[in-house]
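For reference, the structure discussed in these notes is given below.
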Amino acid sequence: MVIIKSTDIRNSFIDFFKANDHVHQPSAPVIPLDDPTLLFVNAGMNQFKDVFTGSRKVSYARAVSSQKCIRAGGKHNDLENVGRTSRHHTFFEMLGNFSFGDYFKEEAIVYAWEWFTKVLKLPTDKLYATVYNDDDQAFELWEKVAPELKNGRILRFGKEDNYWSMGNTGPCGPCSEIHFDMGEHLSKDIPKAWINNENDRFIELWNLVFMQYDQVGDGKLEDLPKPSVDTGAGLERIAAVMQGVDTNYETDLFTPLTALAADITGVKYETGPKGVSHRVMADHVRALAFALADGGGLSNEGRGYVLRRILRRAARHGRKLGYKEPIICKLVPTVIEIMGGHFTELGEKQKHIEAVIRSEEERFGELLDTGLELFSTLSKKVKATGSDTIPGEDIFKLYDTFGFPADMTALMAEEAGLKMDMDGFKAAMSRQQEQSRAGAGFEPISTQLTKDQLDAFNIEEPTEFVRGENSFELETEVEHSVVSGAPGEIAVVLKRTPFYVESGGQIGDVGLIEGGNFKIDVKRVREYQGAYIHSGEFVSSHTDHIEKGTPVTARIDKNRRLDIMRNHTATHLLHAALRQVVGDHVKQSGSLVDDQRLRFDFAHFKALTPEEIAEIEKIVNEKILEAIPMVTKEMPAEEAMKSGAMALFGEKYGDTVRVVSAGDFSSELCGGTHVTNTAEIGSCLITVEAAIASGVRRIEAVTGREAALLSRSNKTVVDEIGTLLNVPADQVIEAVRRTASGLNDLQKENKKLKAERFSGGGVQTVGNAEKIGAVEFLHNDFGEIDQDSISGWSDNQKGMGTPVLALAIGIIGGKRAFIASASKPATEAGYDVGRLFGGLIRELGGRGGGKANFARGSLPDDISYDDLIEKSRMKIKECQP
């Protein structure tokens, strides 16, 4: 068997199908920016879903791609198996060829067999084909195309293994899979180790999905007018076969990563169970690198939480190998060496990827140290009761109070021989979510249409969108209409329309459609199979149907559209200014352009400084004042890319694209509406710069009328402050500084006086003192007290010239709290109150921490002062240097 590199396999696949009239489509981002139903792109067909359903038309009928995929959440979740099996991954690459109503079963089978046996030259005696039980056509085609398989290697299976559907309704059909026998050395136990029976010997390489039917409900199937093909072949699995190795982790896609992990940690890699940690890190860094390069971030919800789990899981495996420094970030350059030739976005975002991962690893290292302490206490408590199960409430407390993920707790529980009450954890989580949702009302969108209603339009021709930036009203005629929901609601397709449909981050238009005896208030516009569907409700007259050809006037809300246009053009200027100030790595990760504001999300690993924000705002407003004409051109996509126009990653573009330019300052592919000259924007003011996830920042800004309102509001505030401080507006800042400085001095003096009240001016008058070894332990319960007083008492003890450890308890703002401090002689002797008292409080179920000479936090209500002091005495004795 010829050994072939993974890059060669990928190129061979793409070239083979291009030679067979397929159009190569680049991989979509793994972060599905335009599909809220997906956490991550998890199959090659995801980017073509709307083509298969007919809602998007493309100029080609055949396509080939090599799609980046992540399966680590929701229905498709391989996370827990990664590293333990030979073929489960969070990230993998799916090779696929697609037919959109062009060829069907025979050609799909011929192409698959030819590439495997003629191009890759796989031994035919190792190959098996499977078909759906009732798919006699596919069975006969395999016998015709591959007579070598007639000796019992064409097998039939049921729905669980060989049938695919997009959902409860919609396109579906039988599958045909190609499997490969990796060798008897992996198992001779047939039929236990057999096709479609999870094992290492017989592995699935390619799945051919025949979209043959439309499931319309109640189990009823109808033939699709144009049957289609969707296939998926795993690059990692094919590489294992071609390179003659038993597992994906032994291919050239992984071996450089496991070898580097071994070099960094000093722990030799082994292919068996001892190599799990190496394999987890090698797998997870791939998923993280691609997700961050494609605009993903780390957060506490949704896909951001899944990515954070992946990173923390990988980082913990580094620690299991004895390496406590950040390690996953050090694997990123090797991922780029392996994959960056084809996926150039990795190299473009390398600094960003490394910075985000390193920052998260450092934070997690601190969290893990705390979590280990907390889990140790918890496991001792569980075992002391004779139980072998950690209660769900305790798992939830670790997660909710201390930020420690449940999957991390599960890993440590497994190592400690304990079980997890996950039902109790989920119940606690549900209670919290219900509380969070309490009072939040969600109204259904009355303009939603069912698939049956959409199909009832019987779309024949696409709607003509009249784009002229001043085309706010036009005469047109009705093509189709259907009653869309409650009485008075209707959806209409027009022959020509001025209404913009929501896309590319820009919201759609609203307005009116007026006929001879009716008026429709249009609430929403959507596109379906090229037609613009205007959904709304009658505001005068009422009818169940509007005849085709009925003349109407379509009028959008002009002022609203103008505000949207200002914000959209300003977004382009902001994007260019950001790249100029922050760096070329800045690319859009998401946006919203409406009539009130613009919102721009971008990948960047740290907050913008006030100086950077000011400079970006300055550049944008300079370009507005320059009154640059906005130029729009339509051109072939390839020509647009060569011209330097920026394509937004993840957007879907046709063969012909629209390029919107502001002189030589900004040039982007964009289908939205824009002003004709930058001067029409008026001005732009940045109102928000914040993190929405680790590695993803958000800027919000206002323009035009909203910017003018904000400027007037800000001026009013400055004028009022000037009046209060009795200074002119141009002296307000200096006057506020003087006032703040004077207030700060008074607060310090007040704090000093409060401290002296409790300390007798340096002579000990408050607190109980006792000698423990070489240190004096001073403690007191102050009851109700303010923050300054208790802090003053604690700070006073830090200034003692002898070894002193001080612990103050009090109720501050209705909450029970503690403050601990250590004098300099005590810290020099080796005492650390952050670890001593902070650790003790956490063991008792409170929260707290600090450094060597100072610690603070909250106390649980169920621990008495006397118990706390007794446990503190024991801790001090244990911690004596």
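Please note that chains go A, B, ... in the order of the structure tokens, that every chain numbers its residues from 1, and that ligands are numbered from 1 in the order shown.
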Looking only at the backbone, which of the residues in segment 447-648 of chain A does DSSP tag as helix (DSSP H, G or I), as a short mmCIF file (atom, residue, chain, number, x, y, z; two decimals) with N, CA, C and O atoms, in the first residue's frame?
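Okay, states10.cif is ready:
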```
data_model
loop_
_atom_site.label_atom_id
_atom_site.label_comp_id
_atom_site.auth_asym_id
_atom_site.auth_seq_id
_atom_site.Cartn_x
_atom_site.Cartn_y
_atom_site.Cartn_z
N LYS A 451 -43.50 25.59 6.84
CA LYS A 451 -42.95 25.17 5.54
C LYS A 451 -44.07 24.99 4.53
O LYS A 451 -43.91 25.34 3.35
N ASP A 452 -45.22 24.46 4.98
CA ASP A 452 -46.35 24.29 4.06
C ASP A 452 -46.81 25.63 3.51
O ASP A 452 -47.13 25.76 2.32
N GLN A 453 -46.84 26.65 4.37
CA GLN A 453 -47.23 27.99 3.91
C GLN A 453 -46.21 28.55 2.93
O GLN A 453 -46.56 29.17 1.93
N LEU A 454 -44.93 28.33 3.23
CA LEU A 454 -43.88 28.81 2.32
C LEU A 454 -44.00 28.11 0.96
O LEU A 454 -43.89 28.75 -0.09
N ASP A 455 -44.20 26.79 1.00
CA ASP A 455 -44.31 26.04 -0.26
C ASP A 455 -45.55 26.47 -1.05
O ASP A 455 -45.57 26.35 -2.29
N LYS A 558 -38.90 55.53 5.60
CA LYS A 558 -37.73 56.23 5.04
C LYS A 558 -36.72 56.64 6.10
O LYS A 558 -35.52 56.40 5.96
N ASN A 559 -37.17 57.28 7.17
CA ASN A 559 -36.23 57.75 8.19
C ASN A 559 -35.50 56.59 8.86
O ASN A 559 -34.30 56.68 9.16
N ARG A 560 -36.24 55.50 9.07
CA ARG A 560 -35.61 54.32 9.67
C ARG A 560 -34.52 53.77 8.74
O ARG A 560 -33.42 53.44 9.18
N ARG A 561 -34.83 53.67 7.44
CA ARG A 561 -33.83 53.17 6.47
C ARG A 561 -32.61 54.09 6.43
O ARG A 561 -31.47 53.61 6.38
N LEU A 562 -32.82 55.39 6.45
CA LEU A 562 -31.68 56.31 6.42
C LEU A 562 -30.78 56.12 7.63
O LEU A 562 -29.54 56.15 7.51
N ASP A 563 -31.39 55.92 8.80
CA ASP A 563 -30.60 55.66 10.01
C ASP A 563 -29.81 54.36 9.86
O ASP A 563 -28.64 54.27 10.27
N ILE A 564 -30.45 53.34 9.28
CA ILE A 564 -29.76 52.06 9.07
C ILE A 564 -28.59 52.24 8.11
O ILE A 564 -27.48 51.71 8.32
N MET A 565 -28.81 52.98 7.04
CA MET A 565 -27.74 53.22 6.06
C MET A 565 -26.55 53.92 6.69
O MET A 565 -25.39 53.57 6.44
N ARG A 566 -26.82 54.91 7.52
CA ARG A 566 -25.73 55.62 8.21
C ARG A 566 -24.93 54.64 9.07
O ARG A 566 -23.69 54.64 9.06
N ASN A 567 -25.64 53.82 9.81
CA ASN A 567 -24.96 52.87 10.70
C ASN A 567 -24.18 51.82 9.92
O ASN A 567 -23.11 51.39 10.35
N HIS A 568 -24.73 51.40 8.77
CA HIS A 568 -24.03 50.35 8.01
C HIS A 568 -22.74 50.89 7.40
O HIS A 568 -21.68 50.25 7.48
N THR A 569 -22.81 52.05 6.80
CA THR A 569 -21.58 52.63 6.23
C THR A 569 -20.56 52.92 7.33
O THR A 569 -19.36 52.67 7.15
N ALA A 570 -21.03 53.40 8.48
CA ALA A 570 -20.13 53.66 9.60
C ALA A 570 -19.46 52.37 10.08
O ALA A 570 -18.31 52.38 10.52
N THR A 571 -20.18 51.24 9.98
CA THR A 571 -19.60 49.95 10.37
C THR A 571 -18.39 49.63 9.49
O THR A 571 -17.36 49.15 9.98
N HIS A 572 -18.50 49.89 8.19
CA HIS A 572 -17.36 49.66 7.29
C HIS A 572 -16.18 50.55 7.67
O HIS A 572 -15.02 50.10 7.69
N LEU A 573 -16.45 51.82 7.95
CA LEU A 573 -15.38 52.74 8.34
C LEU A 573 -14.75 52.30 9.66
O LEU A 573 -13.52 52.36 9.83
N LEU A 574 -15.59 51.87 10.59
CA LEU A 574 -15.09 51.40 11.89
C LEU A 574 -14.20 50.19 11.73
O LEU A 574 -13.14 50.08 12.37
N HIS A 575 -14.60 49.25 10.87
CA HIS A 575 -13.81 48.04 10.63
C HIS A 575 -12.42 48.42 10.10
O HIS A 575 -11.39 47.92 10.58
N ALA A 576 -12.39 49.32 9.13
CA ALA A 576 -11.10 49.74 8.56
C ALA A 576 -10.25 50.47 9.59
O ALA A 576 -9.03 50.27 9.66
N ALA A 577 -10.88 51.33 10.40
CA ALA A 577 -10.14 52.07 11.43
C ALA A 577 -9.58 51.12 12.49
O ALA A 577 -8.45 51.30 12.97
N LEU A 578 -10.37 50.13 12.87
CA LEU A 578 -9.91 49.13 13.84
C LEU A 578 -8.66 48.42 13.34
O LEU A 578 -7.69 48.25 14.08
N ARG A 579 -8.67 48.00 12.10
CA ARG A 579 -7.51 47.30 11.53
C ARG A 579 -6.30 48.22 11.46
O ARG A 579 -5.17 47.80 11.67
N GLN A 580 -6.55 49.49 11.20
CA GLN A 580 -5.45 50.46 11.13
C GLN A 580 -4.82 50.69 12.50
O GLN A 580 -3.59 50.79 12.63
N VAL A 581 -5.64 50.75 13.55
CA VAL A 581 -5.14 51.06 14.89
C VAL A 581 -4.67 49.81 15.64
O VAL A 581 -3.61 49.83 16.28
N PRO A 610 -8.26 53.27 26.26
CA PRO A 610 -9.00 54.51 25.96
C PRO A 610 -8.37 55.28 24.81
O PRO A 610 -9.08 55.89 23.99
N GLU A 611 -7.04 55.24 24.72
CA GLU A 611 -6.35 55.94 23.64
C GLU A 611 -6.68 55.32 22.29
O GLU A 611 -6.88 56.02 21.28
N GLU A 612 -6.74 53.96 22.24
CA GLU A 612 -7.07 53.28 20.98
C GLU A 612 -8.51 53.59 20.57
O GLU A 612 -8.78 53.84 19.39
N ILE A 613 -9.43 53.58 21.53
CA ILE A 613 -10.83 53.88 21.22
C ILE A 613 -10.95 55.30 20.68
O ILE A 613 -11.65 55.54 19.68
N ALA A 614 -10.26 56.23 21.33
CA ALA A 614 -10.30 57.63 20.88
C ALA A 614 -9.73 57.77 19.47
O ALA A 614 -10.28 58.52 18.64
N GLU A 615 -8.65 57.06 19.19
CA GLU A 615 -8.02 57.15 17.87
C GLU A 615 -8.93 56.56 16.80
O GLU A 615 -9.06 57.12 15.69
N ILE A 616 -9.57 55.43 17.09
CA ILE A 616 -10.49 54.81 16.14
C ILE A 616 -11.66 55.75 15.85
O ILE A 616 -12.02 55.98 14.69
N GLU A 617 -12.24 56.32 16.90
CA GLU A 617 -13.36 57.25 16.73
C GLU A 617 -12.93 58.47 15.91
O GLU A 617 -13.66 58.95 15.04
N LYS A 618 -11.71 58.95 16.17
CA LYS A 618 -11.17 60.13 15.46
C LYS A 618 -11.03 59.83 13.96
O LYS A 618 -11.43 60.63 13.11
N ILE A 619 -10.49 58.66 13.63
CA ILE A 619 -10.28 58.29 12.23
C ILE A 619 -11.62 58.19 11.51
O ILE A 619 -11.78 58.71 10.39
N VAL A 620 -12.60 57.54 12.13
CA VAL A 620 -13.91 57.40 11.50
C VAL A 620 -14.53 58.76 11.22
O VAL A 620 -15.05 59.02 10.12
N ASN A 621 -14.47 59.65 12.19
CA ASN A 621 -15.08 60.98 12.00
C ASN A 621 -14.31 61.82 10.99
O ASN A 621 -14.91 62.65 10.29
N GLU A 622 -13.01 61.61 10.89
CA GLU A 622 -12.24 62.30 9.85
C GLU A 622 -12.71 61.86 8.46
O GLU A 622 -12.84 62.67 7.54
N LYS A 623 -12.95 60.55 8.30
CA LYS A 623 -13.42 60.03 7.02
C LYS A 623 -14.84 60.52 6.71
O LYS A 623 -15.19 60.73 5.55
N ILE A 624 -15.63 60.73 7.74
CA ILE A 624 -16.96 61.30 7.53
C ILE A 624 -16.84 62.74 7.04
O ILE A 624 -17.51 63.15 6.07
N LEU A 625 -15.95 63.52 7.66
CA LEU A 625 -15.76 64.92 7.28
C LEU A 625 -15.13 65.07 5.89
O LEU A 625 -15.33 66.08 5.22
N ALA A 637 -16.59 37.33 -8.26
CA ALA A 637 -16.04 37.18 -6.91
C ALA A 637 -14.52 37.12 -6.94
O ALA A 637 -13.84 37.74 -6.11
N GLU A 638 -13.96 36.37 -7.90
CA GLU A 638 -12.50 36.23 -7.97
C GLU A 638 -11.83 37.58 -8.22
O GLU A 638 -10.81 37.90 -7.61
N GLU A 639 -12.43 38.39 -9.12
CA GLU A 639 -11.87 39.71 -9.41
C GLU A 639 -11.94 40.61 -8.17
O GLU A 639 -11.02 41.38 -7.88
N ALA A 640 -13.04 40.50 -7.42
CA ALA A 640 -13.21 41.30 -6.21
C ALA A 640 -12.14 40.97 -5.17
O ALA A 640 -11.57 41.86 -4.53
N MET A 641 -11.86 39.69 -5.00
CA MET A 641 -10.84 39.27 -4.04
C MET A 641 -9.47 39.81 -4.45
O MET A 641 -8.69 40.29 -3.63
N LYS A 642 -9.17 39.74 -5.75
CA LYS A 642 -7.87 40.22 -6.24
C LYS A 642 -7.73 41.73 -6.07
O LYS A 642 -6.63 42.25 -5.91
#
```
Residues at most 6 Å from Arg816 of chain A, counting only C-alpha atoms, excluding those fewer than 4 positions away in the same chain, as a PDB file with N, CA and C atoms, in the first residue's frame?
```pdb
ATOM      1  N   GLY A 810     -17.337  40.084  60.810  1.00  0.00           N
ATOM      2  CA  GLY A 810     -18.360  41.105  60.958  1.00  0.00           C
ATOM      3  C   GLY A 810     -19.466  40.950  59.939  1.00  0.00           C
ATOM      4  N   ILE A 811     -20.556  41.682  60.148  1.00  0.00           N
ATOM      5  CA  ILE A 811     -21.662  41.706  59.200  1.00  0.00           C
ATOM      6  C   ILE A 811     -21.629  43.054  58.501  1.00  0.00           C
ATOM      7  N   SER A 858     -16.327  35.881  52.180  1.00  0.00           N
ATOM      8  CA  SER A 858     -17.621  35.739  52.844  1.00  0.00           C
ATOM      9  C   SER A 858     -17.646  34.459  53.671  1.00  0.00           C
ATOM     10  N   LEU A 859     -18.457  34.485  54.727  1.00  0.00           N
ATOM     11  CA  LEU A 859     -18.570  33.340  55.637  1.00  0.00           C
ATOM     12  C   LEU A 859     -19.938  32.687  55.505  1.00  0.00           C
TER      13      LEU A 859
END
```
Nearest-residue call for Ala769 of chain A, choices A:Ala647, A:Leu685, A:Ile721, A:Ala806, using only C-alpha atoms: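 So, comparing all the options, the nearest one is A:Ala806.
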Can you pull out every residue within 10 Å of Gly424 of chain A, counting only C-alpha atoms, but drop anything in the same chain fewer than 6 positions away, and send it as a list in words? Ile390, Pro391, Gly392, Glu393, Asp394, Ile395, Phe396 and Ser430 of chain A
Mind checking which residues fall within 8 Å of Ile790 of chain A, counting only C-alpha atoms, ignoring those fewer than 2 positions away in the same chain, and posting them as a ChimeraX atom specification? /A:755,782,785-788,792-794,808,810,819
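Going from atom CA of Pro26 of chain A to atom CA of Gly347 of chain A covers 16.6 Å.
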Identify, with DSSP run on backbone atoms, the residues in segment 573-675 of chain A assigned to strand (DSSP E), and express the list as JSON, numbers by chain. {"A": [588, 589, 590, 591, 592, 593, 598, 599, 600, 601, 602, 603, 630, 631, 632, 633, 634, 635, 636, 656, 657, 658, 659, 660, 661, 662, 666, 667, 668, 669]}
I need the residues from that last selection saved to file as a compact mmCIF listing (two decimals), in the first residue's frame (with N, CA and C atoms), if you can.
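Saved file out28.txt follows:
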```
# COMPACT_ATOMS: atom_id res chain seq x y z
N GLN A 588 -14.18 40.79 11.39
CA GLN A 588 -15.52 40.74 11.96
C GLN A 588 -15.91 39.34 12.40
N SER A 589 -16.44 39.23 13.62
CA SER A 589 -16.96 37.95 14.12
C SER A 589 -18.48 37.96 14.21
N GLY A 590 -19.06 39.09 13.92
CA GLY A 590 -20.52 39.22 13.99
C GLY A 590 -20.88 40.70 13.99
N SER A 591 -22.08 41.02 13.59
CA SER A 591 -22.47 42.43 13.59
C SER A 591 -23.98 42.56 13.63
N LEU A 592 -24.41 43.73 14.02
CA LEU A 592 -25.82 44.09 13.96
C LEU A 592 -25.90 45.54 13.54
N VAL A 593 -26.66 45.80 12.49
CA VAL A 593 -26.88 47.17 12.04
C VAL A 593 -28.37 47.41 12.06
N LEU A 598 -25.03 50.67 15.83
CA LEU A 598 -24.32 49.60 15.15
C LEU A 598 -23.54 48.82 16.21
N ARG A 599 -23.41 47.52 15.95
CA ARG A 599 -22.68 46.65 16.87
C ARG A 599 -21.70 45.82 16.05
N PHE A 600 -20.46 45.80 16.49
CA PHE A 600 -19.41 45.13 15.72
C PHE A 600 -18.60 44.24 16.64
N ASP A 601 -18.62 42.94 16.38
CA ASP A 601 -17.86 41.96 17.17
C ASP A 601 -16.61 41.59 16.38
N PHE A 602 -15.48 41.50 17.08
CA PHE A 602 -14.23 41.19 16.40
C PHE A 602 -13.31 40.38 17.30
N ALA A 603 -12.49 39.57 16.68
CA ALA A 603 -11.55 38.73 17.42
C ALA A 603 -10.34 39.56 17.85
N MET A 630 -19.35 57.09 -1.72
CA MET A 630 -19.41 55.64 -1.60
C MET A 630 -19.66 55.06 -2.99
N VAL A 631 -18.76 54.19 -3.41
CA VAL A 631 -18.83 53.62 -4.76
C VAL A 631 -19.21 52.14 -4.65
N THR A 632 -20.20 51.75 -5.44
CA THR A 632 -20.66 50.36 -5.45
C THR A 632 -20.46 49.77 -6.84
N LYS A 633 -19.82 48.59 -6.88
CA LYS A 633 -19.59 47.90 -8.15
C LYS A 633 -19.94 46.43 -8.01
N GLU A 634 -20.51 45.87 -9.07
CA GLU A 634 -20.71 44.43 -9.12
C GLU A 634 -19.65 43.83 -10.02
N MET A 635 -19.04 42.73 -9.57
CA MET A 635 -17.97 42.11 -10.34
C MET A 635 -17.86 40.64 -9.96
N PRO A 636 -17.15 39.85 -10.75
CA PRO A 636 -16.94 38.44 -10.39
C PRO A 636 -16.23 38.34 -9.04
N THR A 656 -21.12 36.38 -8.65
CA THR A 656 -21.00 37.83 -8.81
C THR A 656 -21.26 38.48 -7.45
N VAL A 657 -20.39 39.40 -7.08
CA VAL A 657 -20.50 40.02 -5.76
C VAL A 657 -20.59 41.54 -5.90
N ARG A 658 -21.02 42.16 -4.83
CA ARG A 658 -21.15 43.61 -4.79
C ARG A 658 -20.06 44.17 -3.87
N VAL A 659 -19.25 45.07 -4.39
CA VAL A 659 -18.16 45.65 -3.63
C VAL A 659 -18.50 47.09 -3.29
N VAL A 660 -18.48 47.41 -2.00
CA VAL A 660 -18.78 48.76 -1.52
C VAL A 660 -17.49 49.40 -1.02
N SER A 661 -17.14 50.55 -1.58
CA SER A 661 -15.85 51.18 -1.25
C SER A 661 -16.04 52.62 -0.81
N ALA A 662 -15.20 53.02 0.15
CA ALA A 662 -15.09 54.42 0.56
C ALA A 662 -13.69 54.88 0.18
N SER A 666 -11.64 52.00 2.61
CA SER A 666 -12.41 50.79 2.94
C SER A 666 -12.98 50.19 1.67
N SER A 667 -12.90 48.85 1.58
CA SER A 667 -13.49 48.14 0.46
C SER A 667 -13.93 46.77 0.95
N GLU A 668 -15.24 46.50 0.90
CA GLU A 668 -15.77 45.24 1.42
C GLU A 668 -16.82 44.67 0.48
N LEU A 669 -16.92 43.34 0.47
CA LEU A 669 -18.03 42.68 -0.19
C LEU A 669 -19.25 42.85 0.70
```
Which residues come within 8 Å of segment 362-376 of chain A, counting only C-alpha atoms, excluding same-chain residues fewer than 3 positions away, as a PyMOL selection string? chain A and resi 312+324-326+358-359+379-380+398+402-404+409+412+839+842-843
With C-alpha atoms retained, could you export that selection as a short mmCIF file (atom, residue, chain, number, x, y, z; two decimals), in the first residue's frame?
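Dumped everything to selection35.cif:
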```
data_model
loop_
_atom_site.label_atom_id
_atom_site.label_comp_id
_atom_site.auth_asym_id
_atom_site.auth_seq_id
_atom_site.Cartn_x
_atom_site.Cartn_y
_atom_site.Cartn_z
CA ARG A 312 -9.84 23.33 30.57
CA LYS A 324 1.70 23.07 35.72
CA GLU A 325 2.55 25.85 33.26
CA PRO A 326 0.38 26.77 30.24
CA ARG A 358 -2.52 31.26 27.25
CA SER A 359 -4.69 33.74 29.18
CA SER A 379 -14.64 13.90 48.95
CA LYS A 380 -13.51 13.43 52.56
CA LEU A 398 -18.79 23.93 43.14
CA PHE A 402 -16.75 28.66 42.73
CA GLY A 403 -16.96 28.40 38.94
CA PHE A 404 -15.68 24.82 38.88
CA THR A 409 -15.58 17.43 39.19
CA MET A 412 -11.72 13.95 39.87
CA GLY A 839 -8.27 28.03 52.35
CA ARG A 842 -13.39 27.69 51.44
CA GLU A 843 -13.24 24.32 53.20
#
```
